[in-house]
Each structure stands twice: as structure tokens, then as C-alpha cells.
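Asker: File follows, my_file14.pdb with PDB, C-alpha atoms:
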```pdb
ATOM      1  CA  MET A 512      87.293 -66.251 -42.380
ATOM      2  CA  PHE A 513      86.804 -62.736 -43.691
ATOM      3  CA  THR A 514      83.808 -60.602 -44.617
ATOM      4  CA  GLY A 515      85.093 -58.753 -47.681
ATOM      5  CA  ILE A 516      84.792 -55.405 -45.904
ATOM      6  CA  ILE A 517      88.183 -53.760 -46.433
ATOM      7  CA  GLU A 518      89.711 -52.134 -43.357
ATOM      8  CA  ALA A 519      92.649 -50.370 -44.993
ATOM      9  CA  THR A 520      94.871 -50.104 -48.032
ATOM     10  CA  ALA A 521      98.654 -50.167 -47.749
ATOM     11  CA  SER A 522     101.745 -50.183 -49.952
ATOM     12  CA  ILE A 523     104.084 -53.043 -50.728
ATOM     13  CA  ILE A 524     107.414 -52.240 -49.061
ATOM     14  CA  GLN A 525     109.381 -55.226 -50.340
ATOM     15  CA  LYS A 526     108.792 -58.378 -52.347
ATOM     16  CA  THR A 527     111.168 -61.336 -52.621
ATOM     17  CA  ASP A 528     110.757 -64.819 -54.081
ATOM     18  CA  LYS A 529     109.394 -66.054 -50.760
ATOM     19  CA  GLN A 530     108.075 -63.047 -48.827
ATOM     20  CA  LEU A 531     105.934 -59.961 -49.001
ATOM     21  CA  VAL A 532     106.456 -56.976 -46.686
ATOM     22  CA  ILE A 533     103.538 -54.540 -46.452
ATOM     23  CA  GLU A 534     102.986 -51.277 -44.573
ATOM     24  CA  ARG A 535     101.192 -51.874 -41.280
ATOM     25  CA  PRO A 536      98.004 -49.787 -41.021
ATOM     26  CA  ALA A 537      97.673 -47.832 -37.760
ATOM     27  CA  VAL A 538      94.334 -49.559 -37.054
ATOM     28  CA  PHE A 539      96.007 -53.011 -36.980
ATOM     29  CA  THR A 540      96.787 -52.716 -33.269
ATOM     30  CA  ASP A 541      96.031 -56.346 -32.357
ATOM     31  CA  LEU A 542      98.505 -58.162 -34.643
ATOM     32  CA  LEU A 543     100.085 -61.403 -33.481
ATOM     33  CA  ILE A 544     102.507 -63.796 -35.134
ATOM     34  CA  GLY A 545     100.218 -66.067 -37.134
ATOM     35  CA  SER A 546      97.426 -63.520 -37.555
ATOM     36  CA  SER A 547      95.503 -64.079 -40.782
ATOM     37  CA  ILE A 548      95.293 -61.057 -43.076
ATOM     38  CA  ALA A 549      93.505 -60.986 -46.440
ATOM     39  CA  VAL A 550      95.908 -59.223 -48.811
ATOM     40  CA  SER A 551      93.853 -58.203 -51.849
ATOM     41  CA  GLY A 552      91.719 -61.248 -51.136
ATOM     42  CA  VAL A 553      94.519 -63.745 -50.442
ATOM     43  CA  CYS A 554      94.752 -65.104 -46.895
ATOM     44  CA  LEU A 555      98.327 -64.785 -45.604
ATOM     45  CA  SER A 556      99.773 -65.312 -42.114
ATOM     46  CA  VAL A 557     101.892 -62.698 -40.370
ATOM     47  CA  ILE A 558     105.375 -64.087 -39.637
ATOM     48  CA  SER A 559     106.823 -60.868 -38.203
ATOM     49  CA  PHE A 560     105.818 -57.254 -37.689
ATOM     50  CA  ASP A 561     106.929 -53.986 -36.189
ATOM     51  CA  ASP A 562     105.300 -50.574 -35.790
ATOM     52  CA  THR A 563     105.399 -49.838 -39.533
ATOM     53  CA  SER A 564     105.402 -53.147 -41.392
ATOM     54  CA  MET A 565     104.045 -56.711 -41.611
ATOM     55  CA  THR A 566     105.896 -59.634 -43.218
ATOM     56  CA  PHE A 567     104.274 -62.687 -44.825
ATOM     57  CA  ASP A 568     105.687 -65.890 -46.302
ATOM     58  CA  VAL A 569     104.225 -66.586 -49.757
ATOM     59  CA  MET A 570     104.201 -69.998 -51.428
ATOM     60  CA  ASN A 571     104.890 -70.471 -55.148
ATOM     61  CA  GLU A 572     101.290 -71.647 -55.630
ATOM     62  CA  THR A 573     100.065 -68.298 -54.284
ATOM     63  CA  TRP A 574     102.399 -66.280 -56.525
ATOM     64  CA  ASP A 575     101.235 -68.346 -59.530
ATOM     65  CA  LYS A 576      97.470 -68.489 -58.874
ATOM     66  CA  SER A 577      96.844 -64.916 -57.732
ATOM     67  CA  LYS A 578      97.814 -61.439 -58.834
ATOM     68  CA  LEU A 579     100.245 -61.189 -55.909
ATOM     69  CA  GLY A 580     102.975 -62.395 -58.261
ATOM     70  CA  LEU A 581     102.407 -59.282 -60.389
ATOM     71  CA  LEU A 582     102.720 -56.797 -57.538
ATOM     72  CA  GLN A 583     105.708 -54.516 -57.222
ATOM     73  CA  LYS A 584     107.160 -52.257 -54.545
ATOM     74  CA  GLY A 585     104.831 -49.290 -54.003
ATOM     75  CA  ASP A 586     101.669 -51.020 -55.261
ATOM     76  CA  LEU A 587      98.610 -50.648 -53.033
ATOM     77  CA  VAL A 588      96.751 -53.672 -51.665
ATOM     78  CA  ASN A 589      93.437 -54.090 -49.845
ATOM     79  CA  LEU A 590      93.732 -55.410 -46.277
ATOM     80  CA  GLU A 591      91.296 -57.089 -43.903
ATOM     81  CA  ARG A 592      92.011 -58.892 -40.648
ATOM     82  CA  ALA A 593      90.257 -62.199 -40.020
ATOM     83  CA  CYS A 594      86.890 -61.677 -38.348
ATOM     84  CA  LEU A 595      86.155 -62.571 -34.750
ATOM     85  CA  ALA A 596      83.312 -64.902 -33.773
ATOM     86  CA  ASP A 597      81.290 -61.952 -32.457
ATOM     87  CA  THR A 598      81.821 -59.796 -35.572
ATOM     88  CA  ARG A 599      78.895 -58.528 -37.596
ATOM     89  CA  LEU A 600      79.052 -60.176 -41.050
ATOM     90  CA  ASP A 601      78.454 -57.090 -43.188
ATOM     91  CA  GLY A 602      79.762 -58.529 -46.470
ATOM     92  CA  HIS A 603      79.644 -62.273 -47.110
ATOM     93  CA  VAL A 604      81.715 -65.288 -46.088
ATOM     94  CA  VAL A 605      85.124 -64.864 -47.739
ATOM     95  CA  GLN A 606      87.826 -67.485 -47.230
ATOM     96  CA  GLY A 607      90.773 -65.658 -48.770
ATOM     97  CA  HIS A 608      91.254 -68.505 -51.256
ATOM     98  CA  CYS A 609      91.835 -66.879 -54.621
ATOM     99  CA  GLU A 610      90.459 -69.148 -57.358
ATOM    100  CA  GLY A 611      91.680 -67.228 -60.348
ATOM    101  CA  VAL A 612      92.734 -63.922 -61.821
ATOM    102  CA  GLY A 613      90.345 -61.776 -63.850
ATOM    103  CA  ARG A 614      91.013 -58.702 -65.967
ATOM    104  CA  VAL A 615      89.261 -55.358 -66.069
ATOM    105  CA  GLN A 616      87.465 -55.111 -69.431
ATOM    106  CA  GLN A 617      85.876 -51.707 -69.033
ATOM    107  CA  LYS A 618      86.677 -48.878 -66.733
ATOM    108  CA  MET A 619      84.035 -47.890 -64.267
ATOM    109  CA  LYS A 620      81.122 -46.222 -65.921
ATOM    110  CA  ASN A 621      78.446 -45.008 -63.503
ATOM    111  CA  GLY A 622      80.052 -47.224 -60.859
ATOM    112  CA  GLU A 623      79.910 -50.392 -62.979
ATOM    113  CA  LEU A 624      83.006 -52.479 -63.589
ATOM    114  CA  THR A 625      83.150 -55.245 -66.222
ATOM    115  CA  ILE A 626      85.591 -58.079 -65.546
ATOM    116  CA  LYS A 627      86.691 -60.937 -67.798
ATOM    117  CA  VAL A 628      86.764 -64.048 -65.615
ATOM    118  CA  PRO A 629      88.442 -67.448 -66.048
ATOM    119  CA  ASP A 630      86.165 -69.873 -67.924
ATOM    120  CA  GLU A 631      86.352 -72.518 -65.188
ATOM    121  CA  LEU A 632      84.669 -70.145 -62.714
ATOM    122  CA  ASN A 633      81.602 -69.345 -64.857
ATOM    123  CA  LYS A 634      79.504 -72.147 -63.320
ATOM    124  CA  PHE A 635      79.674 -70.451 -59.900
ATOM    125  CA  PHE A 636      78.287 -67.040 -60.907
ATOM    126  CA  ILE A 637      74.637 -66.132 -60.411
ATOM    127  CA  GLN A 638      72.831 -62.845 -60.908
ATOM    128  CA  LYS A 639      72.825 -60.901 -57.614
ATOM    129  CA  GLY A 640      75.212 -63.481 -56.117
ATOM    130  CA  SER A 641      78.207 -62.601 -53.987
ATOM    131  CA  ILE A 642      81.797 -62.415 -55.203
ATOM    132  CA  ALA A 643      85.062 -61.179 -53.703
ATOM    133  CA  ILE A 644      87.183 -59.059 -56.055
ATOM    134  CA  ASP A 645      90.635 -58.281 -54.611
ATOM    135  CA  GLY A 646      89.086 -59.187 -51.268
ATOM    136  CA  VAL A 647      86.156 -56.764 -51.593
ATOM    137  CA  SER A 648      82.682 -58.251 -51.051
ATOM    138  CA  LEU A 649      80.543 -57.304 -54.060
ATOM    139  CA  THR A 650      77.290 -58.276 -55.745
ATOM    140  CA  ILE A 651      77.247 -59.528 -59.332
ATOM    141  CA  SER A 652      75.076 -57.130 -61.345
ATOM    142  CA  SER A 653      75.423 -58.757 -64.766
ATOM    143  CA  ILE A 654      76.682 -61.952 -66.384
ATOM    144  CA  GLU A 655      77.436 -62.363 -70.077
ATOM    145  CA  ASP A 656      79.597 -65.189 -71.434
ATOM    146  CA  ASN A 657      82.832 -65.019 -69.439
ATOM    147  CA  GLN A 658      82.310 -61.454 -68.236
ATOM    148  CA  ILE A 659      80.649 -60.263 -65.072
ATOM    149  CA  GLY A 660      79.630 -56.811 -63.968
ATOM    150  CA  VAL A 661      79.778 -55.455 -60.441
ATOM    151  CA  ALA A 662      78.433 -52.141 -59.200
ATOM    152  CA  LEU A 663      80.775 -50.079 -57.043
ATOM    153  CA  VAL A 664      79.389 -47.533 -54.613
ATOM    154  CA  PRO A 665      81.398 -44.351 -53.942
ATOM    155  CA  HIS A 666      82.569 -45.623 -50.528
ATOM    156  CA  THR A 667      84.148 -48.687 -52.171
ATOM    157  CA  LEU A 668      85.771 -46.555 -54.871
ATOM    158  CA  ASP A 669      87.222 -44.196 -52.250
ATOM    159  CA  ASN A 670      88.361 -46.767 -49.659
ATOM    160  CA  THR A 671      89.732 -49.692 -51.674
ATOM    161  CA  THR A 672      92.121 -50.184 -54.578
ATOM    162  CA  LEU A 673      89.149 -50.705 -56.917
ATOM    163  CA  GLY A 674      88.815 -46.938 -57.406
ATOM    164  CA  SER A 675      92.139 -46.724 -59.228
ATOM    165  CA  LEU A 676      91.647 -49.607 -61.680
ATOM    166  CA  ASN A 677      92.323 -49.309 -65.404
ATOM    167  CA  SER A 678      91.392 -51.517 -68.342
ATOM    168  CA  GLY A 679      93.598 -54.612 -68.414
ATOM    169  CA  ASP A 680      94.412 -54.575 -64.684
ATOM    170  CA  SER A 681      94.464 -57.965 -62.941
ATOM    171  CA  LEU A 682      92.072 -58.823 -60.106
ATOM    172  CA  ASN A 683      91.952 -61.707 -57.620
ATOM    173  CA  ILE A 684      88.642 -63.559 -57.764
ATOM    174  CA  GLU A 685      86.985 -65.708 -55.103
ATOM    175  CA  THR A 686      83.526 -67.053 -55.875
ATOM    176  CA  ASP A 687      80.876 -67.468 -53.184
ATOM    177  CA  VAL A 688      81.755 -70.475 -51.004
ATOM    178  CA  VAL A 689      78.068 -71.327 -50.480
ATOM    179  CA  GLY A 690      77.528 -71.440 -54.239
ATOM    180  CA  ARG A 691      80.584 -73.650 -54.710
ATOM    181  CA  TYR A 692      79.356 -76.163 -52.142
ATOM    182  CA  LEU A 693      75.827 -76.177 -53.582
ATOM    183  CA  TYR A 694      77.255 -76.751 -57.059
ATOM    184  CA  ALA A 695      79.488 -79.599 -55.821
ATOM    185  CA  PHE A 696      76.618 -81.176 -53.851
ATOM    186  CA  SER A 697      74.168 -81.003 -56.756
ATOM    187  CA  HIS A 698      76.670 -82.606 -59.125
ATOM    188  CA  GLU A 699      77.643 -85.280 -56.610
ATOM    189  CA  GLU A 700      73.970 -86.018 -55.922
ATOM    190  CA  ALA A 701      73.240 -86.255 -59.659
ATOM    191  CA  ALA A 702      76.178 -88.640 -60.122
ATOM    192  CA  TYR A 703      75.006 -90.721 -57.144
ATOM    193  CA  GLN A 704      71.451 -90.978 -58.487
ATOM    194  CA  GLY A 705      72.619 -91.574 -62.066
TER     195      GLY A 705
END
```
Once you've parsed the file, please lay out its structure as C-alpha cells.

Answerer:
Amino acid sequence: MFTGIIEATASIIQKTDKQLVIERPAVFTDLLIGSSIAVSGVCLSVISFDDTSMTFDVMNETWDKSKLGLLQKGDLVNLERACLADTRLDGHVVQGHCEGVGRVQQKMKNGELTIKVPDELNKFFIQKGSIAIDGVSLTISSIEDNQIGVALVPHTLDNTTLGSLNSGDSLNIETDVVGRYLYAFSHEEAAYQG
């Protein structure tokens, strides 16, 4: 589990058909083989590391269903280590399970970012609800058709990859897990009573 509070950004060192090698941030002092790291919102497990890099195996499903397949050497990614049981939950519960890829519709204007989202995710969005965009915990500020708006504070712009976005850029999207379960329960309950 993650919180959506990004600890560092780092560059892609190498990408193959099956692996991703990323710079190891200096603050990641407690890495172990098997450690879970959210890489731009996608939970990956460390398979090897040294003082300067971390290596992850990546399945075809992950390449296909997230923006990780679009990344190239030198691209920056957001990183967050899995939280500990005694960690303060400053963002929201983030699983690192990317559900789809959105696209930036409008560049940030007064800190607002408009994102076109996959149609199948629309049912999970609520005004002022939580969402993880490239692993960053954010609040939905507007919803219109298949577009959502999120407000980005200066700290987020300065300390994540979201500050360097341009129109058309791809973004990993994870909807709020609580909202997904409530939606599933309400539809299952309705089917059961029907």
C-alpha cells in the first residue's frame, strides 16, 4: 500500500522488453530484494539494486495497461516506497494498480490540470474525491463528461513529474479504492435485491 505522497523523482537508466532500471534516490536507504516501489503509480518489486540503481521486472500487462510502456531512457518517474504500518497516511490509500491511461487536455492554468480519462473509469469519479495521477494523491476539483480537473499546489509542481507536463502527455490513473468497492457493493446489492 502507498499513500500517493511522492518521495523522489528519478530517471530511467535502461528499459528492455522485460525490465526497467531506474536511478536509486539517496533517500531509499532501506531497499531489500522484493521491496515494493510505486513507479509513477505502478507497484513494482525490486529484483536487484546497487548504490545508484534499482531494477524491476515488468510484465506485458503492465507495459500495455500503463504509461510505463511509453517511457524511454532519461524520462523522469515519480517514486514512493510502500508505507509501513506505523506511517502517517497523508494522502489516501493507493494500491499502485494502474487502471488506465489518461491524457493531459490543458496545461496547468492557475494550478489546475484537465485530464481526459478512459470512459470505463467515469463511474468512479466524484467531486472532491481522491485520485492518484502518476502515483500522486490528488483531489478531483471538477468533472465534466470524460474529463476531470485536479488542482496542483506549488509543492506538487516542484517535487513531482506533474510540474513538467504538456498537453497530450500520458498519465497513469488509479481511482479511489474505497469508491470502487462502494460502487461494486451497491451494484451487487442492487442485483441481489432485484

Asker: Residues within 12 Å of (77.3, -72.0, -60.8), file coordinates, counting only C-alpha atoms: what are they? Give the list as a ChimeraX atom specification.

Answerer: /A:630-638,640-642,654,686-698

Asker: Using the chain letters and numbering of this document, enumerate as number ranges by chain the residues selected by the PyMOL selection byres ((chain A and resi 519) around 9).

Answerer: A: 517-518, 520-521, 536, 538, 588-591, 670-671

Asker: Find the residues near Cys554 of chain A: any atom within 6 Å, counting only C-alpha atoms, skip ones fewer than 5 places away on the same chain, and give them as a PDB file with C-alpha atoms, keeping the file's coordinate frame.

Answerer:
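This is the output file result21.pdb:
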```pdb
ATOM      1  CA  ILE A 548      95.293 -61.057 -43.076  1.00  0.00           C
ATOM      2  CA  ALA A 549      93.505 -60.986 -46.440  1.00  0.00           C
ATOM      3  CA  GLY A 607      90.773 -65.658 -48.770  1.00  0.00           C
TER       4      GLY A 607
END
```

Asker: Between A:Lys576, A:Lys526, A:Arg535, A:His666, which is the closest to Gly622 of chain A once you count only C-alpha atoms?

Answerer: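 Closest residue, counting only C-alpha atoms: A:His666.
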
Asker: Could you check which residues have any atom within 12 Å of (102.2, -62.6, -57.2), counting all atoms listed in the file with coordinates taken straight from the file, and then list them as a PyMOL selection string?

Answerer: chain A and resi 523+526-531+550-551+553+568-584+586+588+609+611-612+681-683

Asker: Create the file for the chosen residues now, containing C-alpha atoms and written as a tab-separated table (two decimals), in the frame of the given file.

Answerer:
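As written to disk, selection_1.tsv reads:
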```
chain	number	residue	atom	x	y	z
A	523	ILE	CA	104.08	-53.04	-50.73
A	526	LYS	CA	108.79	-58.38	-52.35
A	527	THR	CA	111.17	-61.34	-52.62
A	528	ASP	CA	110.76	-64.82	-54.08
A	529	LYS	CA	109.39	-66.05	-50.76
A	530	GLN	CA	108.08	-63.05	-48.83
A	531	LEU	CA	105.93	-59.96	-49.00
A	550	VAL	CA	95.91	-59.22	-48.81
A	551	SER	CA	93.85	-58.20	-51.85
A	553	VAL	CA	94.52	-63.74	-50.44
A	568	ASP	CA	105.69	-65.89	-46.30
A	569	VAL	CA	104.22	-66.59	-49.76
A	570	MET	CA	104.20	-70.00	-51.43
A	571	ASN	CA	104.89	-70.47	-55.15
A	572	GLU	CA	101.29	-71.65	-55.63
A	573	THR	CA	100.06	-68.30	-54.28
A	574	TRP	CA	102.40	-66.28	-56.52
A	575	ASP	CA	101.24	-68.35	-59.53
A	576	LYS	CA	97.47	-68.49	-58.87
A	577	SER	CA	96.84	-64.92	-57.73
A	578	LYS	CA	97.81	-61.44	-58.83
A	579	LEU	CA	100.24	-61.19	-55.91
A	580	GLY	CA	102.98	-62.40	-58.26
A	581	LEU	CA	102.41	-59.28	-60.39
A	582	LEU	CA	102.72	-56.80	-57.54
A	583	GLN	CA	105.71	-54.52	-57.22
A	584	LYS	CA	107.16	-52.26	-54.54
A	586	ASP	CA	101.67	-51.02	-55.26
A	588	VAL	CA	96.75	-53.67	-51.66
A	609	CYS	CA	91.84	-66.88	-54.62
A	611	GLY	CA	91.68	-67.23	-60.35
A	612	VAL	CA	92.73	-63.92	-61.82
A	681	SER	CA	94.46	-57.96	-62.94
A	682	LEU	CA	92.07	-58.82	-60.11
A	683	ASN	CA	91.95	-61.71	-57.62
```

Asker: Output the residue selection produced by the PyMOL selection byres ((chain A and resi 566) around 7) on the file above, formatted as a PyMOL selection string.

Answerer: chain A and resi 530-533+557-560+564-565+567-568

Asker: Have a look at A:Glu623, A:Asp645, A:Glu655, A:Glu534 and name the one nearest to Asp561 of chain A; count all atoms listed in the file.

Answerer: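 Closest to Asp561 of chain A, using all atoms listed in the file: A:Glu534.
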